[in-house]
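Q: Dropping a structure here in structure tokens format, bear with me for questions.
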There are 2 protein chains.
Amino acid sequence: MSAQRNSVAVSTSSTRDEAILAAVSAGLRRYGPRKLTAQDVADLAGVSRMTVYRAMGSMDNAILIALTREFTAAVATIRAGLPEGTGAERLAAFLGDGARAFVASELVASVLAHQPELLEPYLSGRLGRSQEVVLAAIEDLLAAGRFDGSITDHAPSALTLLLLIRGVALGAPLLRESDDFERACTELSALVAASLGVGANAAGVNTGAGTGTGTP
Amino acid sequence: MSAQRNSVAVSTSSTRDEAILAAVSAGLRRYGPRKLTAQDVADLAGVSRMTVYRAMGSMDNAILIALTREFTAAVATIRAGLPEGTGAERLAAFLGDGARAFVASELVASVLAHQPELLEPYLSGRLGRSQEVVLAAIEDLLAAGRFDGSITDHAPSALTLLLLIRGVALGAPLLRESDDFERACTELSALVAASLGVGANAAGVNTGAGTGTGTP
């Protein structure tokens, strides 16, 4: 009886937390992190301001949890959209797509622009939950590639690959031409694919510039 | 006559600037960027405080110029120490060594630790002179590799490679184990080398795990 009540309570609480987090995300898009208040979130979620604080601890924490939720959803979406292929091919595609998703995220852009000090600890101090989500996905894809034989033991570690995604994603504002970022993402994927031996069969086509197959 | 006087003035001025910059670097190592005063620099360089300001504009500017000098010297040292080999091999080695040099630099570490806001614009806003020095070196090595045929037109752009160095260098504080950073540098070089087809002959050795050659 008690156990049952607890389980109902947990389920209600996580539904409520989910509604609050959705409200935080919506509020961030609408107001930005600096102007978003607990009252805004409470209104959007249809709960009291006290409930927002009780669930999230603080607005800063609420924003960080909303960002982790965004990363988790983005990683799941990217993985679901990866092309069929070997683990190596999918891993390589994931890296470029991951950098693209980071830069495309309205939520990340809003926090980076208006409250970068909230992200600072995760840029130069420790990984934090959001980057651990990305790291776990890379580890999964590496494991899948090792299992299907497309990735050898000499492949780079998941941590190094995470640093490469970060390099491209965080470097985006430095690139003056909008094409440069897209090219950097494509090149990151191509670089890792080539280093893993993906398309070794097709390598002759790439380097055989004189074959005149008409591809630009 | 006038031209001659100008040329002497320029030469004297650049010797003096060099002495001031050497004093800024020494002062940064000794006091850190926050505590270093124009008077400290003047004393170390044997010039007046006014001369320091006239040559450098401001202490912030002096620190940035000293950092560019550090980057320029580091890039020259790395290039001089690159192994003999093809352009592709030398480029790959440069990338890992570049990340190592960034992290090993006392000057960079001191400014990052004590006055990160001085570097912030160059981390997320624009390249700035120091990173342009690194970019130019990458472009040179790419050109050398294209010239000797070791790098094809499908190689990643210099800008993308710069983002990868940045990713590894700036990610260093995230890596808990000290070995992780060294491994990330080695893996960056190996990744780029493999993607450029360096050691394609040796690839059989790497993947042939069962050949029992006794290498660990």
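For the structure tokens, the naming scheme is as follows: chains receive sequential letters (A, B, ...) according to their order of presentation, residues are indexed from 1 within each chain, and ligands are indexed from 1 in presentation order.
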Do you know which residues are at most 9 Å from Ala158 of chain A counting only C-alpha atoms, after dropping those on the same chain fewer than 2 positions away, and could you put them as a ChimeraX atom specification?
A: /A:135-139,142,156,160-163
Q: Do you have, as a Markdown table, the list of residues of chain A lying at most 10 Å from chain B, each with its nearest atom pair and that distance in Å to one decimal, counting only C-alpha atoms and ordered by chain then number?
A:
| residue | atom | partner | partner_atom | distance |
| --- | --- | --- | --- | --- |
| A:Leu112 | CA | B:Ser124 | CA | 9.8 |
| A:Pro121 | CA | B:Leu174 | CA | 9.6 |
| A:Tyr122 | CA | B:Leu174 | CA | 8.1 |
| A:Leu123 | CA | B:Gly171 | CA | 7.5 |
| A:Ser124 | CA | B:Pro173 | CA | 5.7 |
| A:Gly125 | CA | B:Leu174 | CA | 5.5 |
| A:Arg126 | CA | B:Leu174 | CA | 4.8 |
| A:Leu127 | CA | B:Leu174 | CA | 6.0 |
| A:Gly128 | CA | B:Leu174 | CA | 9.5 |
| A:Ile151 | CA | B:Thr207 | CA | 9.7 |
| A:Thr152 | CA | B:Thr207 | CA | 6.8 |
| A:Asp153 | CA | B:Thr207 | CA | 8.4 |
| A:His154 | CA | B:Asn206 | CA | 7.4 |
| A:Ala155 | CA | B:Leu191 | CA | 8.1 |
| A:Pro156 | CA | B:Glu187 | CA | 5.6 |
| A:Ser157 | CA | B:Glu187 | CA | 7.8 |
| A:Ala158 | CA | B:Ala184 | CA | 9.8 |
| A:Leu159 | CA | B:Ala184 | CA | 7.7 |
| A:Thr160 | CA | B:Ala184 | CA | 5.1 |
| A:Leu161 | CA | B:Ala184 | CA | 8.6 |
| A:Leu162 | CA | B:Gly167 | CA | 8.6 |
| A:Leu163 | CA | B:Gly167 | CA | 5.0 |
| A:Leu164 | CA | B:Gly167 | CA | 5.3 |
| A:Ile165 | CA | B:Gly167 | CA | 7.5 |
| A:Arg166 | CA | B:Gly167 | CA | 5.7 |
| A:Gly167 | CA | B:Gly167 | CA | 3.5 |
| A:Val168 | CA | B:Leu163 | CA | 5.5 |
| A:Ala169 | CA | B:Leu163 | CA | 8.7 |
| A:Leu170 | CA | B:Ser124 | CA | 7.1 |
| A:Gly171 | CA | B:Leu163 | CA | 6.0 |
| A:Ala172 | CA | B:Ser124 | CA | 8.0 |
| A:Pro173 | CA | B:Ser124 | CA | 5.7 |
| A:Leu174 | CA | B:Arg126 | CA | 4.7 |
| A:Leu175 | CA | B:Arg126 | CA | 7.7 |
| A:Arg176 | CA | B:Arg126 | CA | 8.3 |
| A:Asp180 | CA | B:Leu159 | CA | 8.1 |
| A:Phe181 | CA | B:Thr160 | CA | 8.5 |
| A:Arg183 | CA | B:Thr160 | CA | 8.0 |
| A:Ala184 | CA | B:Thr160 | CA | 5.1 |
| A:Cys185 | CA | B:Thr160 | CA | 8.3 |
| A:Thr186 | CA | B:Pro156 | CA | 9.2 |
| A:Glu187 | CA | B:Pro156 | CA | 5.6 |
| A:Leu188 | CA | B:Thr160 | CA | 7.5 |
| A:Ala190 | CA | B:Ser195 | CA | 8.2 |
| A:Leu191 | CA | B:Ser195 | CA | 5.5 |
| A:Val192 | CA | B:Leu191 | CA | 6.9 |
| A:Ala193 | CA | B:Ser195 | CA | 7.6 |
| A:Ala194 | CA | B:Ser195 | CA | 4.6 |
| A:Ser195 | CA | B:Ser195 | CA | 4.1 |
| A:Leu196 | CA | B:Ala194 | CA | 7.7 |
| A:Gly197 | CA | B:Ser195 | CA | 7.9 |
| A:Val198 | CA | B:Ser195 | CA | 9.8 |
| A:Ala203 | CA | B:Gly197 | CA | 9.9 |
| A:Asn206 | CA | B:His154 | CA | 7.6 |
| A:Thr207 | CA | B:Thr152 | CA | 7.1 |
| A:Ala209 | CA | B:Asp153 | CA | 9.4 |
Q: Within 12 Å of Gly81 of chain B, counting only C-alpha atoms, which residues qualify if same-chain residues fewer than 5 places away don't, as a ChimeraX atom specification?
A: /B:74-76,90,93-94,97-98
Q: When you look at Val133 of chain B with a cut-off of 9 Å (counting only C-alpha atoms), what residues show up, excluding the ones that are within fewer than 6 positions of it in the same chain? I need them as a ChimeraX atom specification.
A: /B:68,71-72,75
Q: How many Å lie between atom CA of Ala45 of chain B and atom CA of Gly27 of chain B, rounded to one decimal?
A: 10.0 Å
Q: Between atom CA of Val108 of chain B and atom CA of Glu70 of chain B, what is the distance, to one decimal in Å?
A: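 Atom CA of Glu70 of chain B lies at a distance of 8.5 Å from atom CA of Val108 of chain B.
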Q: So, with only C-alpha atoms as the atoms that count, which of A:Ser110, A:Ala23, A:Ile78, A:Leu91 lies closest to Ala144 of chain A?
A: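 Residue with the minimum atom-to-atom distance to Ala144 of chain A: A:Leu91.
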Q: Pull the alpha helix (DSSP H) assignments for segment 17-216 of chain A out of DSSP run on the backbone, and list those residues as JSON, numbers by chain.
A: {"A": [17, 18, 19, 20, 21, 22, 23, 24, 25, 26, 27, 28, 29, 30, 31, 38, 39, 40, 41, 42, 43, 44, 45, 49, 50, 51, 52, 53, 54, 55, 56, 59, 60, 61, 62, 63, 64, 65, 66, 67, 68, 69, 70, 71, 72, 73, 74, 75, 76, 77, 78, 79, 80, 81, 87, 88, 89, 90, 91, 92, 93, 94, 95, 96, 97, 98, 99, 100, 101, 102, 103, 104, 106, 107, 108, 109, 110, 111, 112, 113, 114, 116, 117, 118, 119, 120, 121, 122, 123, 124, 128, 129, 130, 131, 132, 133, 134, 135, 136, 137, 138, 139, 140, 141, 142, 143, 144, 145, 146, 147, 158, 159, 160, 161, 162, 163, 164, 165, 166, 167, 168, 169, 170, 171, 178, 179, 180, 181, 182, 183, 184, 185, 186, 187, 188, 189, 190, 191, 192, 193, 194, 195, 203, 204, 205, 206, 207]}
Q: Rank A:Gly87, A:Ile20, A:Leu28, A:Leu141 by their smallest atom-to-atom distance to Met56 of chain A, using only C-alpha atoms, and report the top residue only.
A: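 Counting only C-alpha atoms, the residue closest to Met56 of chain A is A:Ile20.
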Q: Counting only C-alpha atoms, figure out which residue out of A:Leu36, A:Ala99, A:Val111, A:Ala55 gets nearest to Leu67 of chain A.
A: A:Val111
Q: If I take atom CA of Glu18 of chain B and atom CA of Ala62 of chain B, how far is one from the other in Å, to one decimal?
A: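 Separation between atom CA of Glu18 of chain B and atom CA of Ala62 of chain B: 11.2 Å.
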Q: Do a neighbour search on Gln115 of chain A at 10 Å with only C-alpha atoms, toss out local chain neighbours closer than 4 positions, and write the hits as a list in words.
A: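 Counting only the stated atoms, we get Gly32, Pro33, Arg34, Asp60, Ala109, Ser110, Val111, Leu119 and Glu120 of chain A.
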Q: Kindly indicate which residue among B:Glu132, B:Glu106, B:Asp140, B:Glu177 lies nearest to Arg79 of chain B, using only C-alpha atoms for the distances.
A: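 Comparing B:Glu132, B:Glu106, B:Asp140, B:Glu177 against Arg79 of chain B, the winner is B:Asp140.
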Q: Between A:Gly96, A:Pro116, A:Gly199, A:Gly85, which residue has the minimum interatomic distance to Asp148 of chain A, considering only C-alpha atoms?
A: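 Looking at the shortest contact to Asp148 of chain A, the residue is A:Gly85.
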Q: Given only C-alpha atoms as the basis, pick out the residue of B:Leu118, B:Asp17, B:Leu82, B:Ala66 nearest to Tyr53 of chain B.
A: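 With only C-alpha atoms as the atom set, the closest residue is B:Asp17.
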